[in-house]
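Student: Below is one structure. I have some questions about it.
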Amino acid sequence: MAAPTFADVVAEDLDAVYRYLVYLTGDRSAAEDLAAETFERAFRSWRRFDPRRGAPRTWLCRIAHSAAVDWFRAEARRQRREETYSRDDAQIEESVFAEGLSPELERALRRLTPAEREVVALRVLLELDGPSAARVLGISATACSTRLSRALQRLEEEMSDVRN
Amino acid sequence: MSGIEFEGYEALVSELRATAPVAPDRLRQRVLDGAPAPRARRSKKRRLALVVVPVAVVLAVGAAFVHGFVKSGSHGASANTPPLAGISSIVSNGGVVRHQVEKRALAPVNKQKTLPSTYSAAGDNALQAAVPAAAAGSLNALRIPRNRLVHATASLEVRVPGRSELSKATNQATQDVAALGGYAQSVRYSASHDGGGSAVLSLRVPVQRAQTAIGKLGSLGTLLSQQVSTQDLQAKLTSQTSQIGSLKRAIAVYVTALQSSTLPASQRAILQIRLNNARRSLSQLEHARKGTLAAGANADISLVLVTHKTAAAVTHHKEGRLGRLLGDAAHFLALEGIILLYALIVLAPVILLVALGWWILRERRRREERLLAGA
């Protein structure tokens, strides 16, 4: 089988990377910027990518994870600098994670931590297997499984709270 | 995801998957458009470096050659001016007359009377014979006036073939000066094993015989350079003599007046004070006049004898315009190098810190990229 071109990878995995980043950051515009940055970084190291060692999606998610970590750091610095920083209520009310998502699920997702949303995105939305998701997160497969289990349970609890 | 069981789990997963966000078209376009950008930026930087560095080098070397060309041209202009009886410049300033003879102007004249022939032929007799020739060749225009009191100073640089000739010439110079009624104030002689060496003599010669002494000293070898300065002291001496005469006459008047018995006490006191002042001034003026006479009595001659090797080392770069150009350009390049080195030394700590930071960042990025490539 011929090796995929960069354009093929973009066409195949852009949605997946974007989803992952939306769930991780909880911010669509940031996710867009980070997705663009992810593919820019990916392009720079495209020559060194070996498809035999892993799927492009896993590789891209790893890059996206790294970019997102940088973004979180910058965001934390920015929040510290701007003491008046707070989320806009109108923005909170509008759908962040997906169009057509039930309000309960939307609110429940918002109450999860980024790490919990991240593992949900990787395992549920992107359907990565345990070891691949673990490699993206930089943790063991067991820890990844545990994190996912806790995230889903918490999601379920949050949804119950919202319903009640 | 086996092992995760709770009520509504399947519905939850289905809803999440069904409503998964989709990347907007503008993001897709942005990614496809922006992908080649980093490679283009990097190549642009490289191209810039490839242009800037050679341009800087060419500018530095070009500036050095332009500087060398301009400088060698200015030297050449003075060298090409035909000398008037071996004198390249005459400066007159407030009674000081200076005659300077450049080595380039005298070289052809002295090539005909180099030391080996005069020395090896017959010693002192040959040397004596060479003196008028030297005087006729280059020193006629440097005549020191004998009918007026002048203070003369001269400096000569003479080249001799080797170390043994240097020693002989040094001794000869002191003997010649002694024979003319002068003396050597100081002699500093130095010679090395490789045949190089020099002797610096500070000589004093009666000013009436200074011309002869200069001629003799100049003929000890090849005259490389010569400078003679004369300062007229006659006017000063005349003025001092006149003032001394006036003071003597005034003193005589005061003494006569003080001998008068009808002089009032107050005027006597005033005259006594004036007499004392006049005597003191007279003493000072007489002392100054003695100094003026002493200054005009002897000429100070500074003689530098150098061996052929030392002189060649000193004058090597002045052989031709091309040589001067290259030498000046090399000096300018060296100066640029020194400035660059100085700047590097001063900026070294900053450069090191920046380089270290850049290296750390690069390593971090590479490690990240290796991890990403291996993921």
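Chain labels follow the order of the structure tokens: the first chain is A, the next B, and so on; residue numbering restarts at 1 in every chain, and ligands are counted from 1 in their shown order.
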Residues of chain A within 7 Å of chain B, using only C-alpha atoms, as a count of residues only?
Tutor: 29
Student: Report as a list in words all protein, DNA and RNA residues lying within 8 Å of segment 332-343 of chain B, evaluated on only C-alpha atoms, omitting residues in the same chain fewer than 5 positions from it.
Tutor: Ala60, Val61, Ala64, His67 and Gly68 of chain B
Student: Would you write out those residues with N, CA and C atoms, as a CSV table (one decimal), in the first residue's frame?
Tutor:
chain,number,residue,atom,x,y,z
B,60,ALA,N,33.9,44.1,3.8
B,60,ALA,CA,35.1,44.3,4.6
B,60,ALA,C,36.4,44.3,3.8
B,61,VAL,N,36.5,43.4,2.9
B,61,VAL,CA,37.7,43.3,2.1
B,61,VAL,C,37.8,44.5,1.2
B,64,ALA,N,38.9,47.5,3.0
B,64,ALA,CA,40.3,47.4,3.3
B,64,ALA,C,41.1,47.8,2.0
B,67,HIS,N,40.8,51.6,1.3
B,67,HIS,CA,41.6,52.3,2.3
B,67,HIS,C,43.1,52.2,1.9
B,68,GLY,N,43.5,51.0,1.5
B,68,GLY,CA,44.9,50.7,1.1
B,68,GLY,C,45.2,51.5,-0.1
Student: Running DSSP on the backbone, which parts of segment 8-102 of chain A land in helix (DSSP H, G or I), as a short mmCIF file (atom, residue, chain, number, x, y, z; two decimals) with N, CA and C atoms, in the first residue's frame?
Tutor:
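Result file follows (part_39.cif):
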data_model
loop_
_atom_site.label_atom_id
_atom_site.label_comp_id
_atom_site.auth_asym_id
_atom_site.auth_seq_id
_atom_site.Cartn_x
_atom_site.Cartn_y
_atom_site.Cartn_z
N ASP A 8 -3.74 13.68 2.09
CA ASP A 8 -4.62 12.56 2.47
C ASP A 8 -4.87 12.56 3.97
N VAL A 9 -3.78 12.79 4.69
CA VAL A 9 -3.88 12.79 6.16
C VAL A 9 -4.78 13.92 6.63
N VAL A 10 -4.62 15.08 6.00
CA VAL A 10 -5.47 16.22 6.37
C VAL A 10 -6.94 15.87 6.11
N ALA A 11 -7.20 15.33 4.93
CA ALA A 11 -8.58 15.00 4.57
C ALA A 11 -9.17 13.95 5.51
N GLU A 12 -8.31 13.02 5.91
CA GLU A 12 -8.78 11.90 6.74
C GLU A 12 -8.97 12.28 8.21
N ASP A 13 -8.01 13.06 8.74
CA ASP A 13 -7.95 13.19 10.20
C ASP A 13 -8.21 14.59 10.74
N LEU A 14 -8.49 15.52 9.87
CA LEU A 14 -8.70 16.89 10.38
C LEU A 14 -9.88 16.94 11.34
N ASP A 15 -10.98 16.28 10.95
CA ASP A 15 -12.16 16.28 11.83
C ASP A 15 -11.84 15.67 13.18
N ALA A 16 -11.11 14.56 13.15
CA ALA A 16 -10.79 13.85 14.40
C ALA A 16 -9.96 14.74 15.32
N VAL A 17 -8.97 15.38 14.73
CA VAL A 17 -8.11 16.25 15.53
C VAL A 17 -8.91 17.42 16.09
N TYR A 18 -9.76 17.97 15.25
CA TYR A 18 -10.57 19.10 15.69
C TYR A 18 -11.48 18.70 16.84
N ARG A 19 -12.14 17.54 16.69
CA ARG A 19 -13.02 17.05 17.77
C ARG A 19 -12.26 16.89 19.08
N TYR A 20 -11.14 16.24 18.95
CA TYR A 20 -10.31 16.00 20.12
C TYR A 20 -9.98 17.33 20.83
N LEU A 21 -9.61 18.32 20.01
CA LEU A 21 -9.21 19.60 20.59
C LEU A 21 -10.41 20.37 21.15
N VAL A 22 -11.55 20.24 20.53
CA VAL A 22 -12.75 20.91 21.07
C VAL A 22 -13.06 20.34 22.44
N TYR A 23 -13.01 19.03 22.55
CA TYR A 23 -13.30 18.39 23.84
C TYR A 23 -12.23 18.74 24.88
N LEU A 24 -11.01 18.76 24.42
CA LEU A 24 -9.92 19.02 25.37
C LEU A 24 -9.96 20.45 25.89
N THR A 25 -10.14 21.40 24.99
CA THR A 25 -10.06 22.81 25.41
C THR A 25 -11.40 23.38 25.85
N ARG A 28 -14.11 26.38 20.96
CA ARG A 28 -14.06 26.06 19.53
C ARG A 28 -13.02 26.88 18.77
N SER A 29 -12.93 28.16 19.09
CA SER A 29 -11.96 28.98 18.34
C SER A 29 -10.53 28.56 18.67
N ALA A 30 -10.32 28.25 19.96
CA ALA A 30 -8.98 27.77 20.35
C ALA A 30 -8.69 26.45 19.66
N ALA A 31 -9.71 25.61 19.57
CA ALA A 31 -9.53 24.31 18.91
C ALA A 31 -9.16 24.50 17.45
N GLU A 32 -9.76 25.47 16.83
CA GLU A 32 -9.42 25.74 15.42
C GLU A 32 -7.97 26.15 15.28
N ASP A 33 -7.57 27.08 16.12
CA ASP A 33 -6.17 27.56 16.06
C ASP A 33 -5.20 26.42 16.34
N LEU A 34 -5.56 25.62 17.35
CA LEU A 34 -4.65 24.53 17.74
C LEU A 34 -4.60 23.45 16.66
N ALA A 35 -5.72 23.23 16.00
CA ALA A 35 -5.74 22.24 14.92
C ALA A 35 -4.83 22.70 13.78
N ALA A 36 -4.94 23.99 13.46
CA ALA A 36 -4.06 24.53 12.41
C ALA A 36 -2.60 24.40 12.82
N GLU A 37 -2.32 24.72 14.08
CA GLU A 37 -0.94 24.62 14.57
C GLU A 37 -0.45 23.18 14.56
N THR A 38 -1.38 22.28 14.91
CA THR A 38 -1.03 20.86 14.91
C THR A 38 -0.60 20.40 13.52
N PHE A 39 -1.37 20.79 12.53
CA PHE A 39 -1.01 20.35 11.18
C PHE A 39 0.24 21.05 10.65
N GLU A 40 0.44 22.27 11.12
CA GLU A 40 1.67 22.97 10.74
C GLU A 40 2.88 22.24 11.30
N ARG A 41 2.79 21.87 12.59
CA ARG A 41 3.88 21.13 13.22
C ARG A 41 4.06 19.78 12.52
N ALA A 42 2.91 19.16 12.23
CA ALA A 42 2.96 17.84 11.58
C ALA A 42 3.65 17.93 10.22
N PHE A 43 3.37 19.02 9.53
CA PHE A 43 3.99 19.19 8.21
C PHE A 43 5.50 19.31 8.33
N ARG A 44 5.93 20.04 9.40
CA ARG A 44 7.38 20.24 9.58
C ARG A 44 8.10 18.92 9.81
N TRP A 46 6.87 15.94 8.91
CA TRP A 46 6.23 14.92 8.06
C TRP A 46 7.26 13.94 7.49
N ARG A 47 8.46 14.48 7.16
CA ARG A 47 9.50 13.62 6.56
C ARG A 47 9.90 12.50 7.52
N ARG A 48 9.82 12.81 8.83
CA ARG A 48 10.27 11.81 9.80
C ARG A 48 9.15 10.87 10.25
N PRO A 51 4.77 5.59 8.94
CA PRO A 51 3.42 5.03 9.14
C PRO A 51 3.43 3.62 9.70
N ARG A 52 4.61 2.93 9.55
CA ARG A 52 4.67 1.56 10.09
C ARG A 52 4.70 1.55 11.61
N ARG A 53 5.08 2.68 12.20
CA ARG A 53 5.22 2.73 13.66
C ARG A 53 3.94 3.20 14.34
N PRO A 56 -1.48 7.63 11.51
CA PRO A 56 -1.35 9.10 11.46
C PRO A 56 -2.22 9.79 12.51
N ARG A 57 -3.40 9.21 12.79
CA ARG A 57 -4.30 9.85 13.75
C ARG A 57 -3.67 9.92 15.14
N THR A 58 -3.05 8.84 15.55
CA THR A 58 -2.39 8.81 16.87
C THR A 58 -1.27 9.85 16.91
N TRP A 59 -0.51 9.85 15.82
CA TRP A 59 0.61 10.80 15.73
C TRP A 59 0.11 12.24 15.81
N LEU A 60 -0.97 12.52 15.07
CA LEU A 60 -1.52 13.87 15.06
C LEU A 60 -2.09 14.25 16.43
N CYS A 61 -2.72 13.26 17.07
CA CYS A 61 -3.29 13.55 18.39
C CYS A 61 -2.20 13.86 19.40
N ARG A 62 -1.07 13.18 19.24
CA ARG A 62 0.05 13.45 20.13
C ARG A 62 0.55 14.90 19.94
N ILE A 63 0.62 15.29 18.68
CA ILE A 63 1.04 16.66 18.40
C ILE A 63 0.00 17.64 18.94
N ALA A 64 -1.26 17.31 18.74
CA ALA A 64 -2.34 18.18 19.21
C ALA A 64 -2.30 18.29 20.73
N HIS A 65 -2.02 17.17 21.38
CA HIS A 65 -1.92 17.16 22.84
C HIS A 65 -0.83 18.14 23.29
N SER A 66 0.33 18.05 22.62
CA SER A 66 1.44 18.92 22.97
C SER A 66 1.08 20.39 22.75
N ALA A 67 0.44 20.66 21.63
CA ALA A 67 0.03 22.04 21.34
C ALA A 67 -0.99 22.53 22.37
N ALA A 68 -1.90 21.64 22.75
CA ALA A 68 -2.93 22.02 23.71
C ALA A 68 -2.33 22.28 25.09
N VAL A 69 -1.34 21.49 25.45
CA VAL A 69 -0.69 21.71 26.75
C VAL A 69 -0.06 23.11 26.77
N ASP A 70 0.60 23.45 25.67
CA ASP A 70 1.17 24.80 25.58
C ASP A 70 0.08 25.86 25.69
N TRP A 71 -1.03 25.59 25.04
CA TRP A 71 -2.12 26.57 25.06
C TRP A 71 -2.67 26.72 26.48
N PHE A 72 -2.83 25.60 27.19
CA PHE A 72 -3.32 25.67 28.57
C PHE A 72 -2.38 26.49 29.45
N ARG A 73 -1.09 26.28 29.24
CA ARG A 73 -0.10 27.04 30.02
C ARG A 73 -0.25 28.54 29.73
N ALA A 74 -0.32 28.85 28.44
CA ALA A 74 -0.45 30.26 28.06
C ALA A 74 -1.75 30.84 28.59
N GLU A 75 -2.78 30.03 28.56
CA GLU A 75 -4.09 30.48 29.03
C GLU A 75 -4.05 30.74 30.54
N ALA A 76 -3.36 29.88 31.25
CA ALA A 76 -3.25 30.06 32.70
C ALA A 76 -2.49 31.35 33.00
N ARG A 77 -1.45 31.59 32.24
CA ARG A 77 -0.67 32.82 32.44
C ARG A 77 -1.55 34.04 32.14
N ARG A 78 -2.30 33.91 31.07
CA ARG A 78 -3.16 35.03 30.67
C ARG A 78 -4.23 35.30 31.73
N GLN A 79 -4.77 34.21 32.28
CA GLN A 79 -5.81 34.38 33.31
C GLN A 79 -5.23 35.01 34.57
N ARG A 80 -4.00 34.61 34.88
CA ARG A 80 -3.37 35.22 36.06
C ARG A 80 -3.14 36.71 35.81
N ARG A 81 -2.77 37.02 34.58
CA ARG A 81 -2.46 38.41 34.25
C ARG A 81 -3.74 39.26 34.24
N ASP A 89 -21.07 34.59 30.13
CA ASP A 89 -22.24 33.73 30.37
C ASP A 89 -22.93 33.31 29.07
N ALA A 90 -23.03 34.28 28.15
CA ALA A 90 -23.69 33.96 26.87
C ALA A 90 -22.95 32.84 26.16
N GLN A 91 -21.61 32.94 26.24
CA GLN A 91 -20.81 31.93 25.57
C GLN A 91 -20.99 30.56 26.24
N ILE A 92 -21.14 30.60 27.57
CA ILE A 92 -21.31 29.34 28.28
C ILE A 92 -22.62 28.65 27.86
N GLU A 93 -23.62 29.48 27.69
CA GLU A 93 -24.91 28.90 27.35
C GLU A 93 -24.93 28.28 25.94
#
Student: How far is it from atom CA of Val228 of chain B to atom CA of Ala152 of chain B, in Å with one decimal?
Tutor: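 Between these atoms lies a distance of 7.2 Å.
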Student: Just how far from atom CA of Val158 of chain B is atom CA of Ser225 of chain B, in Å to one decimal?
Tutor: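 It comes out at 7.2 Å.
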Student: Contacts of segment 188-193 of chain B at 12 Å or less, counting only C-alpha atoms, minus same-chain residues fewer than 3 places along, as an MDAnalysis selection string?
Tutor: chainID B and resid 162:171 184:185 196:203 302:307 309:310
Student: Write out as a list in words the residues lying within 12 Å of segment 141-144 of chain A, counting only C-alpha atoms and excluding same-chain residues fewer than 3 positions away.
Tutor: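 Using only C-alpha atoms, the neighbours found are Ala115, Glu116, Glu118, Val119, Val120, Leu122, Arg123, Leu128, Asp129, Gly130, Pro131, Ser132, Ala133, Ala134, Arg135, Val136, Leu137, Gly138, Arg147, Leu148, Ser149, Arg150 and Ala151 of chain A; Met1 of chain B.
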Student: Write the selection just made, keeping N, CA and C atoms, as a PDB file, in the first residue's frame?
Tutor:
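Wrote result.pdb, looks like this:
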ATOM      1  N   ALA A 115      -8.870  16.862  31.321  1.00  0.00           N
ATOM      2  CA  ALA A 115      -8.260  15.525  31.218  1.00  0.00           C
ATOM      3  C   ALA A 115      -9.330  14.463  31.016  1.00  0.00           C
ATOM      4  N   GLU A 116     -10.476  14.635  31.711  1.00  0.00           N
ATOM      5  CA  GLU A 116     -11.566  13.663  31.569  1.00  0.00           C
ATOM      6  C   GLU A 116     -12.202  13.766  30.183  1.00  0.00           C
ATOM      7  N   GLU A 118     -10.723  14.775  27.601  1.00  0.00           N
ATOM      8  CA  GLU A 118      -9.726  14.338  26.631  1.00  0.00           C
ATOM      9  C   GLU A 118      -9.805  12.826  26.409  1.00  0.00           C
ATOM     10  N   VAL A 119      -9.876  12.113  27.511  1.00  0.00           N
ATOM     11  CA  VAL A 119      -9.888  10.653  27.367  1.00  0.00           C
ATOM     12  C   VAL A 119     -11.207  10.190  26.730  1.00  0.00           C
ATOM     13  N   VAL A 120     -12.264  10.904  27.032  1.00  0.00           N
ATOM     14  CA  VAL A 120     -13.550  10.582  26.401  1.00  0.00           C
ATOM     15  C   VAL A 120     -13.457  10.815  24.894  1.00  0.00           C
ATOM     16  N   LEU A 122     -10.799  10.815  23.016  1.00  0.00           N
ATOM     17  CA  LEU A 122      -9.904   9.862  22.346  1.00  0.00           C
ATOM     18  C   LEU A 122     -10.537   8.488  22.199  1.00  0.00           C
ATOM     19  N   ARG A 123     -11.163   8.026  23.287  1.00  0.00           N
ATOM     20  CA  ARG A 123     -11.662   6.652  23.263  1.00  0.00           C
ATOM     21  C   ARG A 123     -13.049   6.547  22.636  1.00  0.00           C
ATOM     22  N   LEU A 128      -9.977   5.539  19.392  1.00  0.00           N
ATOM     23  CA  LEU A 128      -8.613   4.999  19.456  1.00  0.00           C
ATOM     24  C   LEU A 128      -8.613   3.825  20.416  1.00  0.00           C
ATOM     25  N   ASP A 129      -7.732   2.879  20.163  1.00  0.00           N
ATOM     26  CA  ASP A 129      -7.646   1.770  21.113  1.00  0.00           C
ATOM     27  C   ASP A 129      -6.888   2.226  22.365  1.00  0.00           C
ATOM     28  N   GLY A 130      -6.931   1.381  23.393  1.00  0.00           N
ATOM     29  CA  GLY A 130      -6.341   1.744  24.695  1.00  0.00           C
ATOM     30  C   GLY A 130      -4.879   2.159  24.607  1.00  0.00           C
ATOM     31  N   PRO A 131      -4.025   1.319  23.998  1.00  0.00           N
ATOM     32  CA  PRO A 131      -2.596   1.675  23.951  1.00  0.00           C
ATOM     33  C   PRO A 131      -2.327   2.977  23.180  1.00  0.00           C
ATOM     34  N   SER A 132      -3.057   3.185  22.083  1.00  0.00           N
ATOM     35  CA  SER A 132      -2.836   4.415  21.305  1.00  0.00           C
ATOM     36  C   SER A 132      -3.232   5.638  22.115  1.00  0.00           C
ATOM     37  N   ALA A 133      -4.412   5.560  22.769  1.00  0.00           N
ATOM     38  CA  ALA A 133      -4.865   6.686  23.591  1.00  0.00           C
ATOM     39  C   ALA A 133      -3.882   6.935  24.731  1.00  0.00           C
ATOM     40  N   ALA A 134      -3.373   5.837  25.295  1.00  0.00           N
ATOM     41  CA  ALA A 134      -2.409   5.964  26.391  1.00  0.00           C
ATOM     42  C   ALA A 134      -1.144   6.671  25.912  1.00  0.00           C
ATOM     43  N   ARG A 135      -0.700   6.337  24.683  1.00  0.00           N
ATOM     44  CA  ARG A 135       0.512   6.985  24.130  1.00  0.00           C
ATOM     45  C   ARG A 135       0.284   8.483  23.918  1.00  0.00           C
ATOM     46  N   VAL A 136      -0.932   8.814  23.455  1.00  0.00           N
ATOM     47  CA  VAL A 136      -1.234  10.239  23.262  1.00  0.00           C
ATOM     48  C   VAL A 136      -1.213  10.971  24.598  1.00  0.00           C
ATOM     49  N   LEU A 137      -1.778  10.340  25.604  1.00  0.00           N
ATOM     50  CA  LEU A 137      -1.866  10.995  26.913  1.00  0.00           C
ATOM     51  C   LEU A 137      -0.555  10.922  27.697  1.00  0.00           C
ATOM     52  N   GLY A 138       0.322  10.034  27.261  1.00  0.00           N
ATOM     53  CA  GLY A 138       1.597   9.884  27.970  1.00  0.00           C
ATOM     54  C   GLY A 138       1.456   9.136  29.274  1.00  0.00           C
ATOM     55  N   ARG A 147      -8.883   6.168  33.814  1.00  0.00           N
ATOM     56  CA  ARG A 147      -9.316   7.571  33.631  1.00  0.00           C
ATOM     57  C   ARG A 147     -10.602   7.616  32.817  1.00  0.00           C
ATOM     58  N   LEU A 148     -10.681   6.786  31.807  1.00  0.00           N
ATOM     59  CA  LEU A 148     -11.878   6.781  30.969  1.00  0.00           C
ATOM     60  C   LEU A 148     -13.096   6.338  31.779  1.00  0.00           C
ATOM     61  N   SER A 149     -12.881   5.262  32.574  1.00  0.00           N
ATOM     62  CA  SER A 149     -13.979   4.734  33.389  1.00  0.00           C
ATOM     63  C   SER A 149     -14.498   5.805  34.338  1.00  0.00           C
ATOM     64  N   ARG A 150     -13.551   6.497  34.987  1.00  0.00           N
ATOM     65  CA  ARG A 150     -13.966   7.533  35.936  1.00  0.00           C
ATOM     66  C   ARG A 150     -14.645   8.694  35.222  1.00  0.00           C
ATOM     67  N   ALA A 151     -14.121   9.023  34.053  1.00  0.00           N
ATOM     68  CA  ALA A 151     -14.696  10.147  33.301  1.00  0.00           C
ATOM     69  C   ALA A 151     -16.135   9.845  32.906  1.00  0.00           C
TER      70      ALA A 151
ATOM     71  N   MET B   1     -13.487  -0.738  25.398  1.00  0.00           N
ATOM     72  CA  MET B   1     -14.117  -0.068  26.529  1.00  0.00           C
ATOM     73  C   MET B   1     -14.921  -1.066  27.346  1.00  0.00           C
TER      74      MET B   1
END
Student: Considering only C-alpha atoms, can you say which of B:Val150, B:Val205, B:Leu223, B:Val160 comes closest to Asp176 of chain B?
Tutor: B:Val205
Student: Just asking: which residues within segment 174-373 of chain B are strand (DSSP E) according to DSSP, as a PyMOL selection string?
Tutor: chain B and resi 183-191+197-206+222-232+298-307
Student: Find the residues near Thr292 of chain B: any atom within 9 Å, counting only C-alpha atoms, skip ones fewer than 6 places away on the same chain, and give them as a PyMOL selection string.
Tutor: chain B and resi 149+151+233-234+236-237
Student: Let's have the selection written as a PDB file, in the first residue's frame, with C-alpha atoms.
Tutor:
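That gives us result.pdb:
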ATOM      1  CA  LEU B 149      73.862  82.574  16.636  1.00  0.00           C
ATOM      2  CA  HIS B 151      70.603  76.491  17.880  1.00  0.00           C
ATOM      3  CA  LEU B 233      68.961  82.904  18.614  1.00  0.00           C
ATOM      4  CA  GLN B 234      70.620  86.071  17.340  1.00  0.00           C
ATOM      5  CA  LYS B 236      67.175  86.934  21.394  1.00  0.00           C
ATOM      6  CA  LEU B 237      70.842  87.488  22.177  1.00  0.00           C
TER       7      LEU B 237
END
